[in-house]
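K.L.:
Here you go, query.cif (mmCIF, N, CA and C atoms):
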data_my_file
loop_
_atom_site.label_atom_id
_atom_site.label_comp_id
_atom_site.auth_asym_id
_atom_site.auth_seq_id
_atom_site.Cartn_x
_atom_site.Cartn_y
_atom_site.Cartn_z
N GLN A 1 3.39 9.76 6.76
CA GLN A 1 4.39 8.72 6.54
C GLN A 1 4.11 8.06 5.18
N VAL A 2 5.08 8.16 4.29
CA VAL A 2 4.92 7.56 2.97
C VAL A 2 5.15 6.06 3.07
N GLN A 3 4.25 5.31 2.46
CA GLN A 3 4.40 3.85 2.42
C GLN A 3 4.27 3.36 1.00
N LEU A 4 5.14 2.42 0.64
CA LEU A 4 5.11 1.80 -0.67
C LEU A 4 4.80 0.31 -0.49
N GLU A 5 3.81 -0.15 -1.19
CA GLU A 5 3.44 -1.56 -1.12
C GLU A 5 3.61 -2.17 -2.50
N ASP A 6 4.66 -2.97 -2.65
CA ASP A 6 4.90 -3.61 -3.94
C ASP A 6 4.28 -5.01 -3.94
N SER A 7 3.81 -5.42 -5.09
CA SER A 7 3.13 -6.71 -5.22
C SER A 7 3.21 -7.21 -6.65
N GLY A 8 2.76 -8.45 -6.84
CA GLY A 8 2.67 -9.00 -8.18
C GLY A 8 3.72 -10.05 -8.51
N GLY A 9 4.63 -10.32 -7.59
CA GLY A 9 5.64 -11.32 -7.85
C GLY A 9 5.06 -12.72 -7.89
N GLY A 10 5.86 -13.66 -8.32
CA GLY A 10 5.42 -15.04 -8.38
C GLY A 10 6.41 -15.92 -9.10
N LEU A 11 6.01 -17.15 -9.33
CA LEU A 11 6.84 -18.14 -10.02
C LEU A 11 6.33 -18.27 -11.46
N VAL A 12 7.23 -18.03 -12.40
CA VAL A 12 6.87 -18.12 -13.82
C VAL A 12 7.93 -18.91 -14.57
N LEU A 13 7.61 -19.27 -15.79
CA LEU A 13 8.56 -19.96 -16.65
C LEU A 13 9.34 -18.96 -17.50
N ALA A 14 10.52 -19.35 -17.91
CA ALA A 14 11.30 -18.50 -18.81
C ALA A 14 10.47 -18.18 -20.07
N GLY A 15 10.50 -16.91 -20.45
CA GLY A 15 9.72 -16.47 -21.60
C GLY A 15 8.37 -15.89 -21.24
N ASP A 16 7.93 -16.12 -20.01
CA ASP A 16 6.64 -15.60 -19.56
C ASP A 16 6.73 -14.11 -19.24
N SER A 17 5.57 -13.54 -18.94
CA SER A 17 5.47 -12.13 -18.57
C SER A 17 4.88 -12.00 -17.17
N LEU A 18 5.18 -10.89 -16.54
CA LEU A 18 4.67 -10.60 -15.20
C LEU A 18 4.65 -9.10 -15.02
N THR A 19 3.65 -8.59 -14.31
CA THR A 19 3.59 -7.16 -14.04
C THR A 19 3.58 -6.92 -12.54
N LEU A 20 4.52 -6.12 -12.09
CA LEU A 20 4.60 -5.74 -10.69
C LEU A 20 3.90 -4.40 -10.48
N SER A 21 3.30 -4.24 -9.31
CA SER A 21 2.62 -2.99 -8.99
C SER A 21 3.15 -2.42 -7.69
N CYS A 22 3.07 -1.09 -7.59
CA CYS A 22 3.50 -0.40 -6.38
C CYS A 22 2.43 0.61 -6.02
N ALA A 23 1.82 0.42 -4.88
CA ALA A 23 0.79 1.34 -4.40
C ALA A 23 1.42 2.27 -3.36
N VAL A 24 1.24 3.56 -3.57
CA VAL A 24 1.82 4.56 -2.67
C VAL A 24 0.73 5.18 -1.81
N SER A 25 0.98 5.27 -0.53
CA SER A 25 0.03 5.89 0.38
C SER A 25 0.75 6.88 1.29
N GLY A 26 -0.01 7.80 1.85
CA GLY A 26 0.56 8.78 2.75
C GLY A 26 1.08 10.02 2.07
N SER A 27 1.04 10.05 0.76
CA SER A 27 1.50 11.22 0.03
C SER A 27 1.00 11.14 -1.41
N THR A 28 1.24 12.19 -2.16
CA THR A 28 0.83 12.25 -3.55
C THR A 28 1.95 11.73 -4.44
N LEU A 29 1.61 10.79 -5.32
CA LEU A 29 2.63 10.15 -6.15
C LEU A 29 3.40 11.15 -7.00
N SER A 30 2.74 12.21 -7.43
CA SER A 30 3.40 13.18 -8.32
C SER A 30 4.53 13.94 -7.62
N SER A 31 4.69 13.75 -6.33
CA SER A 31 5.79 14.39 -5.60
C SER A 31 7.08 13.61 -5.71
N TYR A 32 7.01 12.46 -6.42
CA TYR A 32 8.16 11.55 -6.46
C TYR A 32 8.46 11.05 -7.86
N SER A 33 9.74 10.85 -8.10
CA SER A 33 10.15 9.99 -9.19
C SER A 33 10.12 8.57 -8.62
N MET A 34 9.81 7.60 -9.47
CA MET A 34 9.68 6.23 -9.01
C MET A 34 10.70 5.33 -9.71
N ALA A 35 11.08 4.28 -9.02
CA ALA A 35 12.06 3.35 -9.59
C ALA A 35 11.79 1.94 -9.10
N TRP A 36 12.39 1.02 -9.78
CA TRP A 36 12.40 -0.39 -9.35
C TRP A 36 13.85 -0.84 -9.26
N PHE A 37 14.16 -1.54 -8.19
CA PHE A 37 15.45 -2.18 -7.99
C PHE A 37 15.19 -3.67 -7.78
N ARG A 38 16.25 -4.45 -7.84
CA ARG A 38 16.11 -5.88 -7.55
C ARG A 38 17.37 -6.41 -6.88
N ALA A 39 17.18 -7.45 -6.10
CA ALA A 39 18.29 -8.11 -5.43
C ALA A 39 18.19 -9.60 -5.70
N ALA A 40 19.11 -10.11 -6.49
CA ALA A 40 19.16 -11.54 -6.77
C ALA A 40 19.78 -12.26 -5.58
N PRO A 41 19.51 -13.54 -5.44
CA PRO A 41 20.07 -14.30 -4.31
C PRO A 41 21.58 -14.17 -4.24
N GLY A 42 22.07 -13.73 -3.09
CA GLY A 42 23.50 -13.61 -2.90
C GLY A 42 24.15 -12.42 -3.56
N LYS A 43 23.35 -11.53 -4.14
CA LYS A 43 23.90 -10.36 -4.83
C LYS A 43 23.38 -9.07 -4.24
N GLU A 44 24.07 -7.99 -4.51
CA GLU A 44 23.64 -6.68 -4.04
C GLU A 44 22.45 -6.19 -4.86
N ARG A 45 21.70 -5.32 -4.24
CA ARG A 45 20.55 -4.73 -4.92
C ARG A 45 21.05 -3.86 -6.08
N GLU A 46 20.33 -3.96 -7.21
CA GLU A 46 20.73 -3.21 -8.39
C GLU A 46 19.54 -2.48 -8.99
N PHE A 47 19.83 -1.43 -9.70
CA PHE A 47 18.82 -0.62 -10.36
C PHE A 47 18.22 -1.38 -11.55
N VAL A 48 16.91 -1.21 -11.74
CA VAL A 48 16.22 -1.84 -12.85
C VAL A 48 15.64 -0.79 -13.81
N ALA A 49 14.83 0.12 -13.26
CA ALA A 49 14.16 1.11 -14.11
C ALA A 49 13.71 2.30 -13.27
N ALA A 50 13.53 3.45 -13.93
CA ALA A 50 13.06 4.65 -13.24
C ALA A 50 12.18 5.48 -14.16
N ILE A 51 11.31 6.29 -13.54
CA ILE A 51 10.41 7.15 -14.30
C ILE A 51 10.20 8.44 -13.53
N GLY A 52 10.24 9.59 -14.22
CA GLY A 52 10.07 10.87 -13.59
C GLY A 52 8.66 11.10 -13.11
N TRP A 53 8.47 12.19 -12.36
CA TRP A 53 7.19 12.44 -11.71
C TRP A 53 6.04 12.59 -12.70
N ASN A 54 6.35 13.05 -13.90
CA ASN A 54 5.30 13.28 -14.90
C ASN A 54 5.32 12.24 -16.01
N GLY A 55 6.03 11.16 -15.80
CA GLY A 55 6.07 10.09 -16.78
C GLY A 55 7.23 10.19 -17.76
N GLY A 56 8.02 11.25 -17.63
CA GLY A 56 9.18 11.41 -18.49
C GLY A 56 10.43 10.84 -17.82
N ARG A 57 11.58 11.16 -18.41
CA ARG A 57 12.88 10.74 -17.85
C ARG A 57 12.89 9.26 -17.50
N ILE A 58 12.49 8.44 -18.43
CA ILE A 58 12.48 7.00 -18.22
C ILE A 58 13.86 6.43 -18.53
N SER A 59 14.33 5.53 -17.68
CA SER A 59 15.63 4.89 -17.89
C SER A 59 15.55 3.44 -17.46
N TYR A 60 16.41 2.61 -18.05
CA TYR A 60 16.45 1.19 -17.76
C TYR A 60 17.89 0.71 -17.63
N ALA A 61 18.05 -0.33 -16.85
CA ALA A 61 19.32 -1.03 -16.84
C ALA A 61 19.48 -1.74 -18.18
N ASP A 62 20.70 -1.86 -18.64
CA ASP A 62 20.93 -2.51 -19.94
C ASP A 62 20.39 -3.93 -19.96
N SER A 63 20.41 -4.59 -18.83
CA SER A 63 20.01 -6.00 -18.78
C SER A 63 18.51 -6.21 -19.02
N VAL A 64 17.72 -5.15 -18.86
CA VAL A 64 16.26 -5.29 -19.02
C VAL A 64 15.71 -4.44 -20.16
N LYS A 65 16.55 -3.64 -20.77
CA LYS A 65 16.11 -2.73 -21.84
C LYS A 65 15.49 -3.53 -22.97
N GLY A 66 14.31 -3.10 -23.41
CA GLY A 66 13.61 -3.79 -24.49
C GLY A 66 12.70 -4.90 -24.00
N ARG A 67 12.82 -5.30 -22.74
CA ARG A 67 11.96 -6.37 -22.19
C ARG A 67 11.04 -5.85 -21.09
N PHE A 68 11.50 -4.86 -20.33
CA PHE A 68 10.73 -4.32 -19.21
C PHE A 68 10.21 -2.93 -19.57
N THR A 69 9.04 -2.59 -19.03
CA THR A 69 8.45 -1.27 -19.24
C THR A 69 7.96 -0.72 -17.90
N ILE A 70 8.46 0.45 -17.53
CA ILE A 70 8.01 1.10 -16.31
C ILE A 70 6.94 2.12 -16.65
N SER A 71 5.95 2.25 -15.77
CA SER A 71 4.88 3.22 -16.00
C SER A 71 4.35 3.69 -14.65
N ARG A 72 3.50 4.71 -14.71
CA ARG A 72 2.92 5.23 -13.48
C ARG A 72 1.55 5.83 -13.78
N ASP A 73 0.71 5.87 -12.77
CA ASP A 73 -0.61 6.49 -12.87
C ASP A 73 -0.76 7.38 -11.64
N ASN A 74 -0.49 8.66 -11.80
CA ASN A 74 -0.52 9.56 -10.64
C ASN A 74 -1.93 9.68 -10.05
N ALA A 75 -2.94 9.54 -10.89
CA ALA A 75 -4.31 9.64 -10.39
C ALA A 75 -4.65 8.48 -9.45
N LYS A 76 -4.02 7.34 -9.70
CA LYS A 76 -4.29 6.15 -8.88
C LYS A 76 -3.19 5.92 -7.84
N ASN A 77 -2.20 6.80 -7.83
CA ASN A 77 -1.07 6.66 -6.89
C ASN A 77 -0.39 5.30 -7.02
N THR A 78 -0.20 4.86 -8.25
CA THR A 78 0.45 3.57 -8.47
C THR A 78 1.54 3.67 -9.53
N ALA A 79 2.51 2.79 -9.42
CA ALA A 79 3.54 2.62 -10.43
C ALA A 79 3.60 1.14 -10.77
N SER A 80 4.06 0.83 -11.98
CA SER A 80 4.08 -0.56 -12.42
C SER A 80 5.37 -0.87 -13.15
N LEU A 81 5.67 -2.16 -13.20
CA LEU A 81 6.79 -2.64 -13.98
C LEU A 81 6.31 -3.86 -14.74
N GLU A 82 6.15 -3.71 -16.05
CA GLU A 82 5.76 -4.82 -16.91
C GLU A 82 7.02 -5.52 -17.36
N MET A 83 7.07 -6.83 -17.12
CA MET A 83 8.26 -7.60 -17.44
C MET A 83 7.91 -8.68 -18.45
N ASN A 84 8.54 -8.63 -19.59
CA ASN A 84 8.29 -9.59 -20.66
C ASN A 84 9.54 -10.41 -20.94
N THR A 85 9.33 -11.53 -21.59
CA THR A 85 10.43 -12.42 -21.97
C THR A 85 11.38 -12.63 -20.78
N LEU A 86 10.80 -13.04 -19.69
CA LEU A 86 11.59 -13.21 -18.47
C LEU A 86 12.61 -14.31 -18.62
N LYS A 87 13.75 -14.12 -17.97
CA LYS A 87 14.85 -15.07 -18.01
C LYS A 87 15.15 -15.55 -16.58
N PRO A 88 15.75 -16.71 -16.43
CA PRO A 88 16.11 -17.18 -15.08
C PRO A 88 16.96 -16.16 -14.33
N GLU A 89 17.79 -15.42 -15.03
CA GLU A 89 18.64 -14.42 -14.37
C GLU A 89 17.86 -13.20 -13.89
N ASP A 90 16.58 -13.12 -14.21
CA ASP A 90 15.73 -12.06 -13.67
C ASP A 90 15.20 -12.43 -12.28
N THR A 91 15.46 -13.64 -11.84
CA THR A 91 15.01 -14.07 -10.52
C THR A 91 15.62 -13.17 -9.45
N ALA A 92 14.76 -12.57 -8.63
CA ALA A 92 15.21 -11.62 -7.61
C ALA A 92 14.03 -11.16 -6.78
N VAL A 93 14.34 -10.49 -5.69
CA VAL A 93 13.33 -9.72 -4.97
C VAL A 93 13.32 -8.33 -5.59
N TYR A 94 12.16 -7.89 -6.03
CA TYR A 94 12.01 -6.60 -6.69
C TYR A 94 11.44 -5.59 -5.70
N TYR A 95 12.06 -4.41 -5.65
CA TYR A 95 11.68 -3.37 -4.71
C TYR A 95 11.21 -2.13 -5.46
N CYS A 96 10.07 -1.64 -5.05
CA CYS A 96 9.59 -0.35 -5.51
C CYS A 96 10.31 0.73 -4.70
N ALA A 97 10.61 1.86 -5.33
CA ALA A 97 11.37 2.91 -4.66
C ALA A 97 10.89 4.28 -5.09
N ALA A 98 10.98 5.25 -4.18
CA ALA A 98 10.53 6.61 -4.47
C ALA A 98 11.60 7.62 -4.10
N GLN A 99 11.79 8.58 -4.97
CA GLN A 99 12.73 9.67 -4.75
C GLN A 99 11.98 10.99 -4.79
N VAL A 100 12.16 11.80 -3.78
CA VAL A 100 11.49 13.10 -3.72
C VAL A 100 11.94 13.97 -4.89
N ASN A 101 10.99 14.64 -5.51
CA ASN A 101 11.32 15.54 -6.63
C ASN A 101 12.34 16.58 -6.20
N GLY A 102 13.30 16.84 -7.08
CA GLY A 102 14.31 17.84 -6.79
C GLY A 102 15.52 17.29 -6.06
N SER A 103 15.54 15.98 -5.86
CA SER A 103 16.70 15.39 -5.17
C SER A 103 17.97 15.66 -5.95
N ALA A 104 19.06 15.84 -5.22
CA ALA A 104 20.37 16.08 -5.86
C ALA A 104 21.09 14.77 -6.17
N TYR A 105 20.48 13.66 -5.80
CA TYR A 105 21.14 12.37 -5.95
C TYR A 105 20.56 11.60 -7.13
N PRO A 106 21.35 10.71 -7.70
CA PRO A 106 20.85 9.94 -8.84
C PRO A 106 19.82 8.91 -8.39
N ILE A 107 18.80 8.73 -9.20
CA ILE A 107 17.73 7.80 -8.83
C ILE A 107 18.14 6.36 -9.04
N ASN A 108 19.21 6.12 -9.77
CA ASN A 108 19.61 4.75 -10.04
C ASN A 108 20.62 4.22 -9.01
N LYS A 109 20.74 4.91 -7.89
CA LYS A 109 21.60 4.47 -6.80
C LYS A 109 20.79 4.36 -5.52
N ASP A 110 21.14 3.36 -4.67
CA ASP A 110 20.42 3.17 -3.41
C ASP A 110 20.35 4.46 -2.59
N TYR A 111 21.45 5.19 -2.55
CA TYR A 111 21.52 6.37 -1.69
C TYR A 111 20.67 7.53 -2.21
N GLY A 112 20.16 7.38 -3.43
CA GLY A 112 19.29 8.42 -3.99
C GLY A 112 17.83 8.21 -3.67
N ILE A 113 17.51 7.12 -2.97
CA ILE A 113 16.13 6.74 -2.69
C ILE A 113 15.75 7.08 -1.25
N GLU A 114 14.58 7.71 -1.10
CA GLU A 114 14.10 8.04 0.23
C GLU A 114 13.17 6.97 0.81
N TYR A 115 12.39 6.31 -0.05
CA TYR A 115 11.40 5.35 0.44
C TYR A 115 11.47 4.05 -0.37
N TRP A 116 11.28 2.95 0.35
CA TRP A 116 11.35 1.62 -0.25
C TRP A 116 10.12 0.80 0.07
N GLY A 117 9.72 -0.04 -0.87
CA GLY A 117 8.75 -1.07 -0.56
C GLY A 117 9.47 -2.23 0.10
N LYS A 118 8.70 -3.20 0.56
CA LYS A 118 9.28 -4.35 1.27
C LYS A 118 9.81 -5.40 0.31
N GLY A 119 9.41 -5.31 -0.94
CA GLY A 119 9.90 -6.24 -1.94
C GLY A 119 8.92 -7.34 -2.27
N THR A 120 8.98 -7.80 -3.50
CA THR A 120 8.15 -8.91 -3.96
C THR A 120 9.04 -9.86 -4.77
N LEU A 121 8.91 -11.14 -4.50
CA LEU A 121 9.82 -12.12 -5.09
C LEU A 121 9.34 -12.56 -6.47
N VAL A 122 10.26 -12.51 -7.42
CA VAL A 122 10.01 -13.02 -8.76
C VAL A 122 10.97 -14.18 -9.00
N THR A 123 10.42 -15.33 -9.31
CA THR A 123 11.24 -16.51 -9.59
C THR A 123 10.94 -16.97 -11.01
N VAL A 124 11.99 -17.04 -11.82
CA VAL A 124 11.83 -17.46 -13.21
C VAL A 124 12.52 -18.81 -13.37
N SER A 125 11.72 -19.80 -13.68
CA SER A 125 12.24 -21.16 -13.83
C SER A 125 12.50 -21.48 -15.29
N SER A 126 13.59 -22.21 -15.52
CA SER A 126 13.90 -22.64 -16.88
C SER A 126 13.24 -23.97 -17.19
#
Go through the file and emit its structure as structure tokens.

P.N.:
Amino acid sequence: QVQLEDSGGGLVLAGDSLTLSCAVSGSTLSSYSMAWFRAAPGKEREFVAAIGWNGGRISYADSVKGRFTISRDNAKNTASLEMNTLKPEDTAVYYCAAQVNGSAYPINKDYGIEYWGKGTLVTVSS
């Protein structure tokens, strides 16, 4: 059973930085492309960033491009999301997500994801 444990959220000020982590257990991380999604209060969950199984095929939502960096360490079975220059509109529950390699579905859509973390709350205060 694959389990994703996301962590690292917290309360920060606008302009601050924060790094989220996702620990994967029950399987080998290299079997998956990884992504981060977020759900702001009262809004639907949206795609944030994704990274291929070998560290390639990196993509970002336009709203975070240039501020967020996704990475992974297959040896440690972890993925990360470094968030810089945070804005109040980045406030959301952030979810780690995994897509099995070879999936026919897009990784930037909910239906393309096989496994989810429980989420970690990021609050950015102005």

K.L.:
I need the residue set behind the PyMOL selection byres ((chain A and resi 51-68) around 5) for this file; please write it as a PyMOL selection string.

P.N.:
chain A and resi 32-35+48-50+69-70+82-84

K.L.:
Taking the file above as input, evaluate the PyMOL selection byres ((chain A and resi 7-18) around 6.5) and report the hits as a list in words.

P.N.:
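Written out, the selection comes to Glu5, Asp6, Thr19, Leu20, Ser21, Cys22, Ala23, Leu81, Glu82, Met83, Asn84, Thr85, Leu86, Lys87, Pro88, Gly119, Thr120, Leu121, Val122, Thr123, Val124, Ser125 and Ser126 of chain A.
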
K.L.:
Here's the selection I'm unsure about, the PyMOL selection byres (((chain A and resi 100 and name CA) around 9) and name CA); applied to the file above, which residues does it give, as a list in words?

P.N.:
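Selected by the PyMOL selection byres (((chain A and resi 100 and name CA) around 9) and name CA) in this file: Ser31, Tyr32, Ser33, Met34, Ala98, Gln99, Asn101, Gly102, Ser103, Ile113, Glu114 and Tyr115 of chain A.
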
K.L.:
Selected residues, N, CA and C atoms, written as a PDB file, in the frame of the given file, please.

P.N.:
ATOM      1  N   SER A  31       4.690  13.750  -6.330  1.00  0.00           N
ATOM      2  CA  SER A  31       5.790  14.390  -5.600  1.00  0.00           C
ATOM      3  C   SER A  31       7.080  13.610  -5.710  1.00  0.00           C
ATOM      4  N   TYR A  32       7.010  12.460  -6.420  1.00  0.00           N
ATOM      5  CA  TYR A  32       8.160  11.550  -6.460  1.00  0.00           C
ATOM      6  C   TYR A  32       8.460  11.050  -7.860  1.00  0.00           C
ATOM      7  N   SER A  33       9.740  10.850  -8.100  1.00  0.00           N
ATOM      8  CA  SER A  33      10.150   9.990  -9.190  1.00  0.00           C
ATOM      9  C   SER A  33      10.120   8.570  -8.620  1.00  0.00           C
ATOM     10  N   MET A  34       9.810   7.600  -9.470  1.00  0.00           N
ATOM     11  CA  MET A  34       9.680   6.230  -9.010  1.00  0.00           C
ATOM     12  C   MET A  34      10.700   5.330  -9.710  1.00  0.00           C
ATOM     13  N   ALA A  98      10.980   5.250  -4.180  1.00  0.00           N
ATOM     14  CA  ALA A  98      10.530   6.610  -4.470  1.00  0.00           C
ATOM     15  C   ALA A  98      11.600   7.620  -4.100  1.00  0.00           C
ATOM     16  N   GLN A  99      11.790   8.580  -4.970  1.00  0.00           N
ATOM     17  CA  GLN A  99      12.730   9.670  -4.750  1.00  0.00           C
ATOM     18  C   GLN A  99      11.980  10.990  -4.790  1.00  0.00           C
ATOM     19  N   ASN A 101      10.990  14.640  -5.510  1.00  0.00           N
ATOM     20  CA  ASN A 101      11.320  15.540  -6.630  1.00  0.00           C
ATOM     21  C   ASN A 101      12.340  16.580  -6.200  1.00  0.00           C
ATOM     22  N   GLY A 102      13.300  16.840  -7.080  1.00  0.00           N
ATOM     23  CA  GLY A 102      14.310  17.840  -6.790  1.00  0.00           C
ATOM     24  C   GLY A 102      15.520  17.290  -6.060  1.00  0.00           C
ATOM     25  N   SER A 103      15.540  15.980  -5.860  1.00  0.00           N
ATOM     26  CA  SER A 103      16.700  15.390  -5.170  1.00  0.00           C
ATOM     27  C   SER A 103      17.970  15.660  -5.950  1.00  0.00           C
ATOM     28  N   ILE A 113      17.510   7.120  -2.970  1.00  0.00           N
ATOM     29  CA  ILE A 113      16.130   6.740  -2.690  1.00  0.00           C
ATOM     30  C   ILE A 113      15.750   7.080  -1.250  1.00  0.00           C
ATOM     31  N   GLU A 114      14.580   7.710  -1.100  1.00  0.00           N
ATOM     32  CA  GLU A 114      14.100   8.040   0.230  1.00  0.00           C
ATOM     33  C   GLU A 114      13.170   6.970   0.810  1.00  0.00           C
ATOM     34  N   TYR A 115      12.390   6.310  -0.050  1.00  0.00           N
ATOM     35  CA  TYR A 115      11.400   5.350   0.440  1.00  0.00           C
ATOM     36  C   TYR A 115      11.470   4.050  -0.370  1.00  0.00           C
TER      37      TYR A 115
END

K.L.:
From the DSSP assignment of the backbone, select every residue of range 21-125 of chain A that is strand (DSSP E or B), and format the answer as a CSV table (one decimal) with N, CA and C atoms, in the coordinates of the input.

P.N.:
chain,number,residue,atom,x,y,z
A,21,SER,N,3.3,-4.2,-9.3
A,21,SER,CA,2.6,-3.0,-9.0
A,21,SER,C,3.2,-2.4,-7.7
A,22,CYS,N,3.1,-1.1,-7.6
A,22,CYS,CA,3.5,-0.4,-6.4
A,22,CYS,C,2.4,0.6,-6.0
A,23,ALA,N,1.8,0.4,-4.9
A,23,ALA,CA,0.8,1.3,-4.4
A,23,ALA,C,1.4,2.3,-3.4
A,24,VAL,N,1.2,3.6,-3.6
A,24,VAL,CA,1.8,4.6,-2.7
A,24,VAL,C,0.7,5.2,-1.8
A,25,SER,N,1.0,5.3,-0.5
A,25,SER,CA,0.0,5.9,0.4
A,25,SER,C,0.8,6.9,1.3
A,32,TYR,N,7.0,12.5,-6.4
A,32,TYR,CA,8.2,11.6,-6.5
A,32,TYR,C,8.5,11.0,-7.9
A,33,SER,N,9.7,10.8,-8.1
A,33,SER,CA,10.2,10.0,-9.2
A,33,SER,C,10.1,8.6,-8.6
A,34,MET,N,9.8,7.6,-9.5
A,34,MET,CA,9.7,6.2,-9.0
A,34,MET,C,10.7,5.3,-9.7
A,35,ALA,N,11.1,4.3,-9.0
A,35,ALA,CA,12.1,3.4,-9.6
A,35,ALA,C,11.8,1.9,-9.1
A,36,TRP,N,12.4,1.0,-9.8
A,36,TRP,CA,12.4,-0.4,-9.4
A,36,TRP,C,13.8,-0.8,-9.3
A,37,PHE,N,14.2,-1.5,-8.2
A,37,PHE,CA,15.4,-2.2,-8.0
A,37,PHE,C,15.2,-3.7,-7.8
A,38,ARG,N,16.2,-4.4,-7.8
A,38,ARG,CA,16.1,-5.9,-7.6
A,38,ARG,C,17.4,-6.4,-6.9
A,39,ALA,N,17.2,-7.4,-6.1
A,39,ALA,CA,18.3,-8.1,-5.4
A,39,ALA,C,18.2,-9.6,-5.7
A,46,GLU,N,20.3,-4.0,-7.2
A,46,GLU,CA,20.7,-3.2,-8.4
A,46,GLU,C,19.5,-2.5,-9.0
A,47,PHE,N,19.8,-1.4,-9.7
A,47,PHE,CA,18.8,-0.6,-10.4
A,47,PHE,C,18.2,-1.4,-11.6
A,48,VAL,N,16.9,-1.2,-11.7
A,48,VAL,CA,16.2,-1.8,-12.8
A,48,VAL,C,15.6,-0.8,-13.8
A,49,ALA,N,14.8,0.1,-13.3
A,49,ALA,CA,14.2,1.1,-14.1
A,49,ALA,C,13.7,2.3,-13.3
A,50,ALA,N,13.5,3.4,-13.9
A,50,ALA,CA,13.1,4.6,-13.2
A,50,ALA,C,12.2,5.5,-14.2
A,51,ILE,N,11.3,6.3,-13.5
A,51,ILE,CA,10.4,7.2,-14.3
A,51,ILE,C,10.2,8.4,-13.5
A,59,SER,N,14.3,5.5,-17.7
A,59,SER,CA,15.6,4.9,-17.9
A,59,SER,C,15.6,3.4,-17.5
A,60,TYR,N,16.4,2.6,-18.0
A,60,TYR,CA,16.4,1.2,-17.8
A,60,TYR,C,17.9,0.7,-17.6
A,68,PHE,N,11.5,-4.9,-20.3
A,68,PHE,CA,10.7,-4.3,-19.2
A,68,PHE,C,10.2,-2.9,-19.6
A,69,THR,N,9.0,-2.6,-19.0
A,69,THR,CA,8.4,-1.3,-19.2
A,69,THR,C,8.0,-0.7,-17.9
A,70,ILE,N,8.5,0.4,-17.5
A,70,ILE,CA,8.0,1.1,-16.3
A,70,ILE,C,6.9,2.1,-16.6
A,71,SER,N,6.0,2.2,-15.8
A,71,SER,CA,4.9,3.2,-16.0
A,71,SER,C,4.4,3.7,-14.6
A,72,ARG,N,3.5,4.7,-14.7
A,72,ARG,CA,2.9,5.2,-13.5
A,72,ARG,C,1.6,5.8,-13.8
A,73,ASP,N,0.7,5.9,-12.8
A,73,ASP,CA,-0.6,6.5,-12.9
A,73,ASP,C,-0.8,7.4,-11.6
A,78,THR,N,-0.2,4.9,-8.2
A,78,THR,CA,0.4,3.6,-8.5
A,78,THR,C,1.5,3.7,-9.5
A,79,ALA,N,2.5,2.8,-9.4
A,79,ALA,CA,3.5,2.6,-10.4
A,79,ALA,C,3.6,1.1,-10.8
A,80,SER,N,4.1,0.8,-12.0
A,80,SER,CA,4.1,-0.6,-12.4
A,80,SER,C,5.4,-0.9,-13.2
A,81,LEU,N,5.7,-2.2,-13.2
A,81,LEU,CA,6.8,-2.6,-14.0
A,81,LEU,C,6.3,-3.9,-14.7
A,82,GLU,N,6.2,-3.7,-16.0
A,82,GLU,CA,5.8,-4.8,-16.9
A,82,GLU,C,7.0,-5.5,-17.4
A,83,MET,N,7.1,-6.8,-17.1
A,83,MET,CA,8.3,-7.6,-17.4
A,83,MET,C,7.9,-8.7,-18.4
A,92,ALA,N,14.8,-12.6,-8.6
A,92,ALA,CA,15.2,-11.6,-7.6
A,92,ALA,C,14.0,-11.2,-6.8
A,93,VAL,N,14.3,-10.5,-5.7
A,93,VAL,CA,13.3,-9.7,-5.0
A,93,VAL,C,13.3,-8.3,-5.6
A,94,TYR,N,12.2,-7.9,-6.0
A,94,TYR,CA,12.0,-6.6,-6.7
A,94,TYR,C,11.4,-5.6,-5.7
A,95,TYR,N,12.1,-4.4,-5.6
A,95,TYR,CA,11.7,-3.4,-4.7
A,95,TYR,C,11.2,-2.1,-5.5
A,96,CYS,N,10.1,-1.6,-5.0
A,96,CYS,CA,9.6,-0.4,-5.5
A,96,CYS,C,10.3,0.7,-4.7
A,97,ALA,N,10.6,1.9,-5.3
A,97,ALA,CA,11.4,2.9,-4.7
A,97,ALA,C,10.9,4.3,-5.1
A,98,ALA,N,11.0,5.2,-4.2
A,98,ALA,CA,10.5,6.6,-4.5
A,98,ALA,C,11.6,7.6,-4.1
A,99,GLN,N,11.8,8.6,-5.0
A,99,GLN,CA,12.7,9.7,-4.8
A,99,GLN,C,12.0,11.0,-4.8
A,100,VAL,N,12.2,11.8,-3.8
A,100,VAL,CA,11.5,13.1,-3.7
A,100,VAL,C,11.9,14.0,-4.9
A,115,TYR,N,12.4,6.3,0.0
A,115,TYR,CA,11.4,5.4,0.4
A,115,TYR,C,11.5,4.0,-0.4
A,116,TRP,N,11.3,3.0,0.4
A,116,TRP,CA,11.4,1.6,-0.2
A,116,TRP,C,10.1,0.8,0.1
A,120,THR,N,9.0,-7.8,-3.5
A,120,THR,CA,8.2,-8.9,-4.0
A,120,THR,C,9.0,-9.9,-4.8
A,121,LEU,N,8.9,-11.1,-4.5
A,121,LEU,CA,9.8,-12.1,-5.1
A,121,LEU,C,9.3,-12.6,-6.5
A,122,VAL,N,10.3,-12.5,-7.4
A,122,VAL,CA,10.0,-13.0,-8.8
A,122,VAL,C,11.0,-14.2,-9.0
A,123,THR,N,10.4,-15.3,-9.3
A,123,THR,CA,11.2,-16.5,-9.6
A,123,THR,C,10.9,-17.0,-11.0
A,124,VAL,N,12.0,-17.0,-11.8
A,124,VAL,CA,11.8,-17.5,-13.2
A,124,VAL,C,12.5,-18.8,-13.4
A,125,SER,N,11.7,-19.8,-13.7
A,125,SER,CA,12.2,-21.2,-13.8
A,125,SER,C,12.5,-21.5,-15.3

K.L.:
Between A:Thr91, A:Ser25, A:Ser80, A:Gln3, which residue has the minimum interatomic distance to Gly117 in chain A, considering only N, CA and C atoms?

P.N.:
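Closest residue, counting only N, CA and C atoms: A:Gln3.
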
K.L.:
Which is closest to Val93 in chain A among A:Gln1, A:Ser27, A:Trp36, A:Lys109, if we use only C-alpha atoms?

P.N.:
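Checking each of A:Gln1, A:Ser27, A:Trp36, A:Lys109 against Val93 in chain A, counting only C-alpha atoms, the winner is A:Trp36.
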